[in-house]
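Containing compact mmCIF, C-alpha atoms and all ligand atoms: data.txt.
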# COMPACT_ATOMS: atom_id res chain seq x y z
CA MET A 12 -47.76 -13.18 38.08
CA LYS A 13 -50.79 -11.15 38.96
CA ALA A 14 -52.29 -8.13 37.22
CA THR A 15 -55.64 -6.41 37.44
CA VAL A 16 -58.31 -7.55 35.00
CA ALA A 17 -58.33 -4.03 33.57
CA HIS A 18 -54.58 -4.24 32.83
CA GLN A 19 -54.97 -7.69 31.31
CA ASN A 20 -57.71 -6.33 29.05
CA LEU A 21 -55.42 -3.48 28.01
CA LEU A 22 -53.04 -6.14 26.65
CA ILE A 23 -55.73 -7.26 24.20
CA GLU A 24 -56.16 -3.65 23.08
CA LEU A 25 -52.38 -3.33 22.73
CA GLN A 26 -52.30 -6.56 20.74
CA LYS A 27 -54.82 -5.12 18.26
CA TYR A 28 -52.51 -2.15 17.59
CA ASP A 29 -49.47 -4.42 17.26
CA THR A 30 -51.32 -6.70 14.87
CA THR A 31 -52.33 -3.66 12.81
CA ILE A 32 -48.70 -2.45 12.78
CA ILE A 33 -47.49 -5.87 11.52
CA SER A 34 -50.26 -6.10 8.94
CA CYS A 35 -49.46 -2.57 7.64
CA GLY A 36 -45.81 -3.56 7.19
CA VAL A 37 -46.76 -6.71 5.28
CA ARG A 38 -49.21 -4.80 3.10
CA LEU A 39 -46.67 -2.04 2.36
CA ALA A 40 -44.09 -4.61 1.26
CA ASN A 41 -46.55 -6.53 -0.89
CA LEU A 42 -48.49 -3.85 -2.73
CA PRO A 43 -49.30 -5.35 -6.16
CA GLU A 44 -48.25 -2.10 -7.86
CA ILE A 45 -44.62 -2.70 -6.82
CA GLU A 46 -44.39 -5.87 -8.94
CA GLN A 47 -46.45 -4.33 -11.74
CA ILE A 48 -44.12 -1.32 -11.96
CA LYS A 49 -41.08 -3.62 -11.94
CA ALA A 50 -42.60 -5.59 -14.83
CA ILE A 51 -43.17 -2.35 -16.77
CA HIS A 52 -39.55 -1.27 -16.19
CA LYS A 53 -38.39 -4.62 -17.56
CA ARG A 54 -40.59 -4.23 -20.64
CA LEU A 55 -39.33 -0.65 -21.18
CA GLU A 56 -35.71 -1.86 -20.91
CA ASP A 57 -36.39 -4.63 -23.43
CA ALA A 58 -38.09 -2.13 -25.72
CA VAL A 59 -35.05 0.19 -25.61
CA ILE A 60 -32.78 -2.70 -26.65
CA GLU A 61 -35.11 -3.74 -29.47
CA LEU A 62 -35.50 -0.11 -30.53
CA LYS A 63 -31.74 0.19 -31.04
CA VAL A 64 -31.69 -3.01 -33.13
CA VAL A 65 -34.64 -1.88 -35.24
CA GLU A 66 -33.19 1.63 -35.73
CA THR A 67 -29.93 0.11 -36.96
CA GLU A 68 -31.93 -2.18 -39.26
CA LEU A 69 -33.83 0.83 -40.61
CA GLU A 70 -30.56 2.62 -41.36
CA ASP A 71 -29.22 -0.46 -43.15
CA VAL A 72 -32.37 -0.85 -45.21
CA SER A 73 -32.33 2.88 -46.06
CA ILE A 74 -28.75 2.54 -47.32
CA ASP A 75 -29.74 -0.53 -49.37
CA LEU A 76 -32.63 1.41 -50.82
CA ARG A 77 -30.47 4.42 -51.83
CA ARG A 78 -27.83 2.11 -53.30
CA SER A 79 -30.49 0.30 -55.33
CA GLU A 80 -31.91 3.63 -56.59
CA VAL A 81 -28.42 4.73 -57.68
CA ASP A 82 -27.93 1.41 -59.51
CA VAL A 83 -31.24 1.79 -61.35
CA GLU A 84 -30.38 5.39 -62.29
CA ALA A 85 -27.01 4.28 -63.67
CA VAL A 86 -28.67 1.63 -65.85
CA VAL A 87 -31.32 4.10 -67.03
CA ASP A 88 -28.58 6.65 -67.97
CA ARG A 89 -26.72 4.01 -69.89
CA MET A 90 -29.88 2.96 -71.73
CA LYS A 91 -30.61 6.60 -72.66
CA LYS A 92 -27.11 6.96 -74.10
CA ASP A 93 -27.50 3.71 -76.08
CA GLU A 94 -30.89 4.76 -77.40
CA ALA A 95 -29.49 8.17 -78.41
CA ARG A 96 -26.69 6.42 -80.28
CA LEU A 97 -29.19 4.11 -82.02
CA ASN A 98 -31.34 7.08 -83.01
CA SER A 99 -28.39 9.18 -84.23
CA GLY A 100 -27.88 6.99 -87.30
CA ALA A 101 -24.12 7.41 -86.90
CA ALA A 102 -23.42 3.85 -85.78
CA SER A 103 -22.16 1.10 -88.06
CA PRO A 104 -24.32 -2.03 -88.50
CA LYS A 105 -21.96 -3.93 -86.18
CA GLU A 106 -22.20 -1.19 -83.55
CA LEU A 107 -25.99 -1.17 -83.97
CA GLU A 108 -26.15 -4.87 -83.28
CA GLN A 109 -23.87 -4.54 -80.23
CA THR A 110 -25.89 -1.62 -78.86
CA GLN A 111 -29.19 -3.45 -79.31
CA HIS A 112 -27.74 -6.45 -77.54
CA GLU A 113 -26.47 -4.22 -74.73
CA LEU A 114 -29.90 -2.53 -74.44
CA ALA A 115 -31.58 -5.92 -74.02
CA THR A 116 -29.07 -6.86 -71.30
CA LEU A 117 -29.58 -3.47 -69.59
CA ALA A 118 -33.39 -3.85 -69.68
CA LYS A 119 -33.06 -7.25 -67.99
CA ARG A 120 -30.71 -5.79 -65.39
CA LYS A 121 -33.09 -2.87 -64.78
CA ALA A 122 -36.02 -5.27 -64.19
CA GLU A 123 -33.90 -7.29 -61.72
CA LEU A 124 -32.83 -4.16 -59.87
CA GLU A 125 -36.41 -2.93 -59.68
CA ASP A 126 -37.58 -6.28 -58.25
CA GLY A 127 -34.82 -6.03 -55.68
CA GLU A 128 -35.80 -2.47 -54.90
CA LEU A 129 -39.39 -3.56 -54.33
CA GLU A 130 -38.24 -6.17 -51.85
CA ILE A 131 -36.12 -3.59 -50.02
CA MET A 132 -39.10 -1.23 -49.90
CA MET A 133 -41.25 -3.98 -48.38
CA ARG A 134 -38.53 -4.65 -45.80
CA PHE A 135 -38.33 -0.91 -45.11
CA ASP A 136 -42.09 -0.77 -44.50
CA LEU A 137 -41.95 -3.73 -42.10
CA VAL A 138 -39.06 -2.26 -40.12
CA LYS A 139 -40.74 1.15 -40.04
CA LYS A 140 -43.97 -0.46 -38.83
CA ARG A 141 -42.13 -2.24 -35.98
CA LEU A 142 -40.43 1.04 -35.07
CA ASP A 143 -43.82 2.78 -34.86
CA GLU A 144 -45.20 -0.09 -32.76
CA LEU A 145 -42.28 0.18 -30.34
CA ALA A 146 -42.71 3.93 -30.05
CA SER A 147 -46.43 3.55 -29.36
CA ASP A 148 -45.76 0.71 -26.83
CA GLU A 149 -43.34 2.99 -25.01
CA VAL A 150 -45.95 5.76 -24.76
CA GLY A 151 -48.54 3.26 -23.47
CA LEU A 152 -46.16 1.71 -20.93
CA LYS A 153 -45.05 5.09 -19.60
CA GLN A 154 -48.67 6.15 -19.21
CA LEU A 155 -49.43 2.92 -17.33
CA GLU A 156 -46.36 3.44 -15.15
CA LEU A 157 -47.61 6.92 -14.23
CA GLU A 158 -51.04 5.57 -13.32
CA LEU A 159 -49.54 2.74 -11.26
CA ASN A 160 -47.26 5.16 -9.43
CA VAL A 161 -50.26 7.28 -8.47
CA ARG A 162 -52.09 4.16 -7.24
CA LEU A 163 -48.98 3.02 -5.37
CA GLU A 164 -48.58 6.37 -3.63
CA ASN A 165 -52.29 6.45 -2.70
CA SER A 166 -52.16 2.93 -1.25
CA LYS A 167 -48.93 3.72 0.60
CA SER A 168 -50.25 6.89 2.15
CA GLU A 169 -53.49 5.14 3.16
CA ILE A 170 -51.56 2.32 4.89
CA ASN A 171 -49.01 4.72 6.39
CA SER A 172 -51.75 6.79 7.99
CA GLU A 173 -53.27 3.60 9.45
CA LEU A 174 -49.79 2.65 10.68
CA GLU A 175 -49.09 6.03 12.24
CA SER A 176 -52.45 6.02 13.98
CA ALA A 177 -51.85 2.50 15.39
CA LYS A 178 -48.35 3.54 16.55
CA ALA A 179 -49.71 6.67 18.25
CA SER A 180 -52.48 4.70 19.97
CA ARG A 181 -49.94 2.11 21.08
CA ALA A 182 -47.61 4.77 22.47
CA ALA A 183 -50.49 6.30 24.42
CA LEU A 184 -51.57 2.92 25.78
CA VAL A 185 -48.23 1.49 26.92
CA PRO A 186 -47.78 3.82 29.96
CA GLN A 187 -51.20 2.71 31.22
CA ILE A 188 -50.11 -0.93 31.53
CA GLU A 189 -48.22 -2.31 34.51
CA THR A 190 -44.54 -2.50 33.59
CA SER A 191 -43.98 -6.15 34.53
CA LEU A 192 -47.09 -7.24 32.57
CA PHE A 193 -46.03 -5.17 29.59
CA ASP A 194 -42.49 -6.61 29.74
CA LEU A 195 -43.89 -10.14 29.76
CA TYR A 196 -46.13 -9.28 26.81
CA GLU A 197 -43.15 -7.90 24.86
CA LYS A 198 -41.05 -10.97 25.67
CA VAL A 199 -43.76 -13.40 24.52
CA ARG A 200 -44.60 -11.29 21.47
CA SER A 201 -41.00 -11.33 20.25
CA SER A 202 -40.98 -15.14 20.21
CA ALA A 203 -44.56 -15.83 19.10
CA ASN A 204 -44.98 -14.28 15.66
CA GLY A 205 -45.89 -10.87 17.01
CA ILE A 206 -48.78 -12.09 19.17
CA GLY A 207 -48.09 -11.70 22.89
CA ALA A 208 -51.63 -11.86 24.26
CA ALA A 209 -54.76 -13.68 23.15
CA LEU A 210 -58.28 -14.08 24.41
CA LEU A 211 -59.55 -17.29 25.90
CA ILE A 212 -62.69 -17.83 23.86
CA GLY A 213 -64.77 -20.73 25.12
CA ASN A 214 -62.21 -23.50 25.55
CA LYS A 215 -59.86 -22.19 22.89
CA CYS A 216 -56.80 -19.96 22.90
CA ASP A 217 -57.37 -17.29 20.25
CA GLY A 218 -53.61 -17.15 19.66
CA CYS A 219 -52.93 -20.74 18.57
CA HIS A 220 -56.61 -21.79 18.21
CA LEU A 221 -55.97 -24.95 20.19
CA GLU A 222 -58.32 -26.23 22.87
CA ILE A 223 -57.35 -25.98 26.52
CA ASN A 224 -57.43 -29.47 28.06
CA ALA A 225 -59.97 -30.37 30.77
CA ILE A 226 -57.44 -30.47 33.62
CA GLU A 227 -56.11 -27.01 32.76
CA ARG A 228 -59.66 -25.71 32.43
CA GLU A 229 -60.46 -26.91 35.91
CA ARG A 230 -57.26 -25.37 37.22
CA ILE A 231 -58.11 -22.04 35.57
CA LYS A 232 -61.59 -22.04 37.11
CA GLY A 233 -60.06 -22.18 40.53
CA LEU A 234 -57.66 -19.31 39.89
CA ASP A 235 -58.10 -15.71 40.91
CA ALA A 236 -59.19 -13.41 38.04
CA GLU A 237 -55.99 -11.40 38.58
CA GLU A 238 -53.77 -14.42 38.00
CA VAL A 239 -52.04 -13.97 34.64
CA LEU A 240 -52.66 -17.08 32.51
CA ARG A 241 -50.43 -18.54 29.80
CA CYS A 242 -51.56 -20.90 27.06
CA GLU A 243 -49.94 -24.29 27.63
CA GLU A 244 -49.57 -24.79 23.87
CA CYS A 245 -48.25 -21.46 22.58
CA ARG A 246 -47.15 -19.82 25.85
CA ARG A 247 -49.04 -16.62 25.02
CA ILE A 248 -50.72 -14.60 27.73
CA LEU A 249 -54.33 -15.74 27.89
CA VAL A 250 -56.90 -13.12 28.81
CA ARG A 251 -60.26 -14.31 30.06
CA ILE A 252 -63.29 -12.59 28.53
ZN ZN A 301 -52.31 -20.77 22.57
Give the structure from the file, written as structure tokens.
Amino acid sequence: MKATVAHQNLLIELQKYDTTIISCGVRLANLPEIEQIKAIHKRLEDAVIELKVVETELEDVSIDLRRSEVDVEAVVDRMKKDEARLNSGAASPKELEQTQHELATLAKRKAELEDGELEIMMRFDLVKKRLDELASDEVGLKQLELELNVRLENSKSEINSELESAKASRAALVPQIETSLFDLYEKVRSSANGIGAALLIGNKCDGCHLEINAIERERIKGLDAEEVLRCEECRRILVRI
């Protein structure tokens, strides 16, 4: 196939736009913010699950605490009644002895209940602290998510504008290239990782970076500048500088 040198050179220009278009697509799909936002969503989901568990735990501990307070109050009431009876002077010696014995038992019970209550209060504080931590984590994560979304949108719009500009330049360039040369370029490009044309730089093909062998080099030297070359290794269109 033959094509003017000018048309062959246009292929290299076209290739630059196509390479930019591919690179924009890769960059859009691999923006680091996409994974970072996914990770934040996962952490927020986990936090919601833990929050439910901790809230239930807080309710349970609150119930335990109220129950313990009621128990202590009941013992205190009973002790007050016993003390009133002791102080009334109306009890018989046997009753006095029984009441004193009961008061000692109640005092022991009250101390036990109060120890238990202290433990429950400590548990309550721990659960409450975890709840506060989760709430503050959620605020922090949501803030980070907002910031990442802004960064993601900025990066996207930057790449999209580069992409649109490359597409527009490509569309303007295509009609300037000979149809058969362009068709060959498209055919090669579709089977060679998006690179249809490459420069011949020194003895190397800039598409596959392999050296052209001596025999082929000699053959090329003897060819007309309008002869369309193909790399023997990668089959891409080779454009002489
Ligand atoms: Zn090659």
Spatial neighbours of range 45-50 of chain A, 12 Å, all atoms listed in the file, chain gap at least 2 places, as a PDB file with C-alpha atoms, in the coordinates of the input:
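Listing of out.pdb after writing:
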ATOM      1  CA  ARG A  38     -49.210  -4.800   3.100  1.00  0.00           C
ATOM      2  CA  LEU A  39     -46.670  -2.040   2.360  1.00  0.00           C
ATOM      3  CA  ALA A  40     -44.090  -4.610   1.260  1.00  0.00           C
ATOM      4  CA  ASN A  41     -46.550  -6.530  -0.890  1.00  0.00           C
ATOM      5  CA  LEU A  42     -48.490  -3.850  -2.730  1.00  0.00           C
ATOM      6  CA  PRO A  43     -49.300  -5.350  -6.160  1.00  0.00           C
ATOM      7  CA  HIS A  52     -39.550  -1.270 -16.190  1.00  0.00           C
ATOM      8  CA  LYS A  53     -38.390  -4.620 -17.560  1.00  0.00           C
ATOM      9  CA  ARG A  54     -40.590  -4.230 -20.640  1.00  0.00           C
ATOM     10  CA  LEU A  55     -39.330  -0.650 -21.180  1.00  0.00           C
ATOM     11  CA  GLU A  56     -35.710  -1.860 -20.910  1.00  0.00           C
ATOM     12  CA  ASP A  57     -36.390  -4.630 -23.430  1.00  0.00           C
ATOM     13  CA  LEU A 152     -46.160   1.710 -20.930  1.00  0.00           C
ATOM     14  CA  LYS A 153     -45.050   5.090 -19.600  1.00  0.00           C
ATOM     15  CA  GLN A 154     -48.670   6.150 -19.210  1.00  0.00           C
ATOM     16  CA  LEU A 155     -49.430   2.920 -17.330  1.00  0.00           C
ATOM     17  CA  GLU A 156     -46.360   3.440 -15.150  1.00  0.00           C
ATOM     18  CA  LEU A 157     -47.610   6.920 -14.230  1.00  0.00           C
ATOM     19  CA  GLU A 158     -51.040   5.570 -13.320  1.00  0.00           C
ATOM     20  CA  LEU A 159     -49.540   2.740 -11.260  1.00  0.00           C
ATOM     21  CA  ASN A 160     -47.260   5.160  -9.430  1.00  0.00           C
ATOM     22  CA  VAL A 161     -50.260   7.280  -8.470  1.00  0.00           C
ATOM     23  CA  ARG A 162     -52.090   4.160  -7.240  1.00  0.00           C
ATOM     24  CA  LEU A 163     -48.980   3.020  -5.370  1.00  0.00           C
ATOM     25  CA  GLU A 164     -48.580   6.370  -3.630  1.00  0.00           C
ATOM     26  CA  SER A 166     -52.160   2.930  -1.250  1.00  0.00           C
ATOM     27  CA  LYS A 167     -48.930   3.720   0.600  1.00  0.00           C
TER      28      LYS A 167
END
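Comparing A:Lys178, A:His18, A:Lys91, A:Lys215 by their smallest distance to Thr31 in chain A, the closest is A:Lys178 (using only C-alpha atoms).
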>> What does the structure give for the distance between CA of Ile226 in chain A and CA of Arg200 in chain A, in Å to one decimal?
In response: 26.1 Å
> Excluding same-chain residues fewer than 5 positions from Val138 in chain A, what lies within 9 Å of it counting only C-alpha atoms, as a list in words?
Replying inline: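 Neighbouring residues, sequence-local ones excluded: Val65, Glu66, Glu68, Leu69, Val72, Met133 and Asp143 of chain A.
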> Given a cut-off of 6 Å, what residues near ligand ZN 301 (chain A) show up using only C-alpha atoms and all ligand atoms, put as JSON, numbers by chain?
Replying inline: {"A": [216, 218, 219, 242, 244, 245, 247]}
> Which residue, A:Val87, A:Leu192, A:Ala209, A:Ile223, has the smallest gap to Lys13 in chain A when you use only C-alpha atoms?
Replying inline: A:Leu192
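The interatomic distance for the pair CA of Leu142 in chain A and CA of Glu61 in chain A works out to 9.1 Å.
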Complete range 195-226 of chain A at the level of N, CA and C atoms, written as an mmCIF file, in the frame of the given file.
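Wrote result-v3.cif, looks like this:
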data_model
loop_
_atom_site.group_PDB
_atom_site.id
_atom_site.type_symbol
_atom_site.label_atom_id
_atom_site.label_comp_id
_atom_site.auth_asym_id
_atom_site.auth_seq_id
_atom_site.Cartn_x
_atom_site.Cartn_y
_atom_site.Cartn_z
ATOM 1 N N LEU A 195 -43.599 -8.738 30.084
ATOM 2 C CA LEU A 195 -43.890 -10.140 29.760
ATOM 3 C C LEU A 195 -44.516 -10.230 28.363
ATOM 4 N N TYR A 196 -45.459 -9.339 28.122
ATOM 5 C CA TYR A 196 -46.130 -9.280 26.810
ATOM 6 C C TYR A 196 -45.089 -9.120 25.689
ATOM 7 N N GLU A 197 -44.168 -8.169 25.878
ATOM 8 C CA GLU A 197 -43.150 -7.900 24.860
ATOM 9 C C GLU A 197 -42.249 -9.118 24.642
ATOM 10 N N LYS A 198 -41.925 -9.802 25.741
ATOM 11 C CA LYS A 198 -41.050 -10.970 25.670
ATOM 12 C C LYS A 198 -41.746 -12.087 24.873
ATOM 13 N N VAL A 199 -43.009 -12.333 25.210
ATOM 14 C CA VAL A 199 -43.760 -13.400 24.520
ATOM 15 C C VAL A 199 -43.951 -13.013 23.046
ATOM 16 N N ARG A 200 -44.317 -11.790 22.829
ATOM 17 C CA ARG A 200 -44.600 -11.290 21.470
ATOM 18 C C ARG A 200 -43.401 -11.495 20.544
ATOM 19 N N SER A 201 -42.195 -11.244 21.097
ATOM 20 C CA SER A 201 -41.000 -11.330 20.250
ATOM 21 C C SER A 201 -40.713 -12.780 19.834
ATOM 22 N N SER A 202 -41.275 -13.758 20.586
ATOM 23 C CA SER A 202 -40.980 -15.140 20.210
ATOM 24 C C SER A 202 -42.225 -15.884 19.727
ATOM 25 N N ALA A 203 -43.322 -15.147 19.507
ATOM 26 C CA ALA A 203 -44.560 -15.830 19.100
ATOM 27 C C ALA A 203 -45.236 -15.122 17.930
ATOM 28 N N ASN A 204 -44.453 -14.898 16.888
ATOM 29 C CA ASN A 204 -44.980 -14.280 15.660
ATOM 30 C C ASN A 204 -45.755 -12.988 15.878
ATOM 31 N N GLY A 205 -45.276 -12.188 16.815
ATOM 32 C CA GLY A 205 -45.890 -10.870 17.010
ATOM 33 C C GLY A 205 -47.158 -10.879 17.834
ATOM 34 N N ILE A 206 -47.574 -12.064 18.331
ATOM 35 C CA ILE A 206 -48.780 -12.090 19.170
ATOM 36 C C ILE A 206 -48.373 -12.469 20.594
ATOM 37 N N GLY A 207 -48.492 -11.482 21.501
ATOM 38 C CA GLY A 207 -48.090 -11.700 22.890
ATOM 39 C C GLY A 207 -49.257 -12.090 23.777
ATOM 40 N N ALA A 208 -50.457 -11.586 23.427
ATOM 41 C CA ALA A 208 -51.630 -11.860 24.260
ATOM 42 C C ALA A 208 -52.804 -12.258 23.395
ATOM 43 N N ALA A 209 -53.592 -13.226 23.895
ATOM 44 C CA ALA A 209 -54.760 -13.680 23.150
ATOM 45 C C ALA A 209 -55.904 -13.913 24.114
ATOM 46 N N LEU A 210 -57.102 -13.840 23.568
ATOM 47 C CA LEU A 210 -58.280 -14.080 24.410
ATOM 48 C C LEU A 210 -58.522 -15.577 24.585
ATOM 49 N N LEU A 211 -59.095 -15.916 25.691
ATOM 50 C CA LEU A 211 -59.550 -17.290 25.900
ATOM 51 C C LEU A 211 -61.027 -17.272 25.511
ATOM 52 N N ILE A 212 -61.309 -17.862 24.355
ATOM 53 C CA ILE A 212 -62.690 -17.830 23.860
ATOM 54 C C ILE A 212 -63.254 -19.247 23.989
ATOM 55 N N GLY A 213 -64.234 -19.387 24.834
ATOM 56 C CA GLY A 213 -64.770 -20.730 25.120
ATOM 57 C C GLY A 213 -63.641 -21.555 25.725
ATOM 58 N N ASN A 214 -63.300 -22.659 25.059
ATOM 59 C CA ASN A 214 -62.210 -23.500 25.550
ATOM 60 C C ASN A 214 -60.937 -23.306 24.730
ATOM 61 N N LYS A 215 -60.978 -22.322 23.814
ATOM 62 C CA LYS A 215 -59.860 -22.190 22.890
ATOM 63 C C LYS A 215 -59.011 -20.937 23.131
ATOM 64 N N CYS A 216 -57.717 -21.105 22.867
ATOM 65 C CA CYS A 216 -56.800 -19.960 22.900
ATOM 66 C C CYS A 216 -56.922 -19.297 21.540
ATOM 67 N N ASP A 217 -57.190 -17.997 21.525
ATOM 68 C CA ASP A 217 -57.370 -17.290 20.250
ATOM 69 C C ASP A 217 -56.025 -17.009 19.563
ATOM 70 N N GLY A 218 -54.935 -17.343 20.261
ATOM 71 C CA GLY A 218 -53.610 -17.150 19.660
ATOM 72 C C GLY A 218 -53.222 -18.327 18.798
ATOM 73 N N CYS A 219 -53.324 -19.546 19.328
ATOM 74 C CA CYS A 219 -52.930 -20.740 18.570
ATOM 75 C C CYS A 219 -54.142 -21.548 18.115
ATOM 76 N N HIS A 220 -55.347 -21.143 18.578
ATOM 77 C CA HIS A 220 -56.610 -21.790 18.210
ATOM 78 C C HIS A 220 -56.704 -23.238 18.671
ATOM 79 N N LEU A 221 -55.894 -23.583 19.670
ATOM 80 C CA LEU A 221 -55.970 -24.950 20.190
ATOM 81 C C LEU A 221 -56.849 -24.945 21.450
ATOM 82 N N GLU A 222 -57.431 -26.107 21.709
ATOM 83 C CA GLU A 222 -58.320 -26.230 22.870
ATOM 84 C C GLU A 222 -57.511 -26.421 24.150
ATOM 85 N N ILE A 223 -58.000 -25.812 25.218
ATOM 86 C CA ILE A 223 -57.350 -25.980 26.520
ATOM 87 C C ILE A 223 -57.867 -27.314 27.101
ATOM 88 N N ASN A 224 -56.969 -28.152 27.592
ATOM 89 C CA ASN A 224 -57.430 -29.470 28.060
ATOM 90 C C ASN A 224 -58.236 -29.347 29.367
ATOM 91 N N ALA A 225 -59.014 -30.386 29.658
ATOM 92 C CA ALA A 225 -59.970 -30.370 30.770
ATOM 93 C C ALA A 225 -59.299 -30.082 32.120
ATOM 94 N N ILE A 226 -58.140 -30.668 32.330
ATOM 95 C CA ILE A 226 -57.440 -30.470 33.620
ATOM 96 C C ILE A 226 -57.064 -29.003 33.800
#
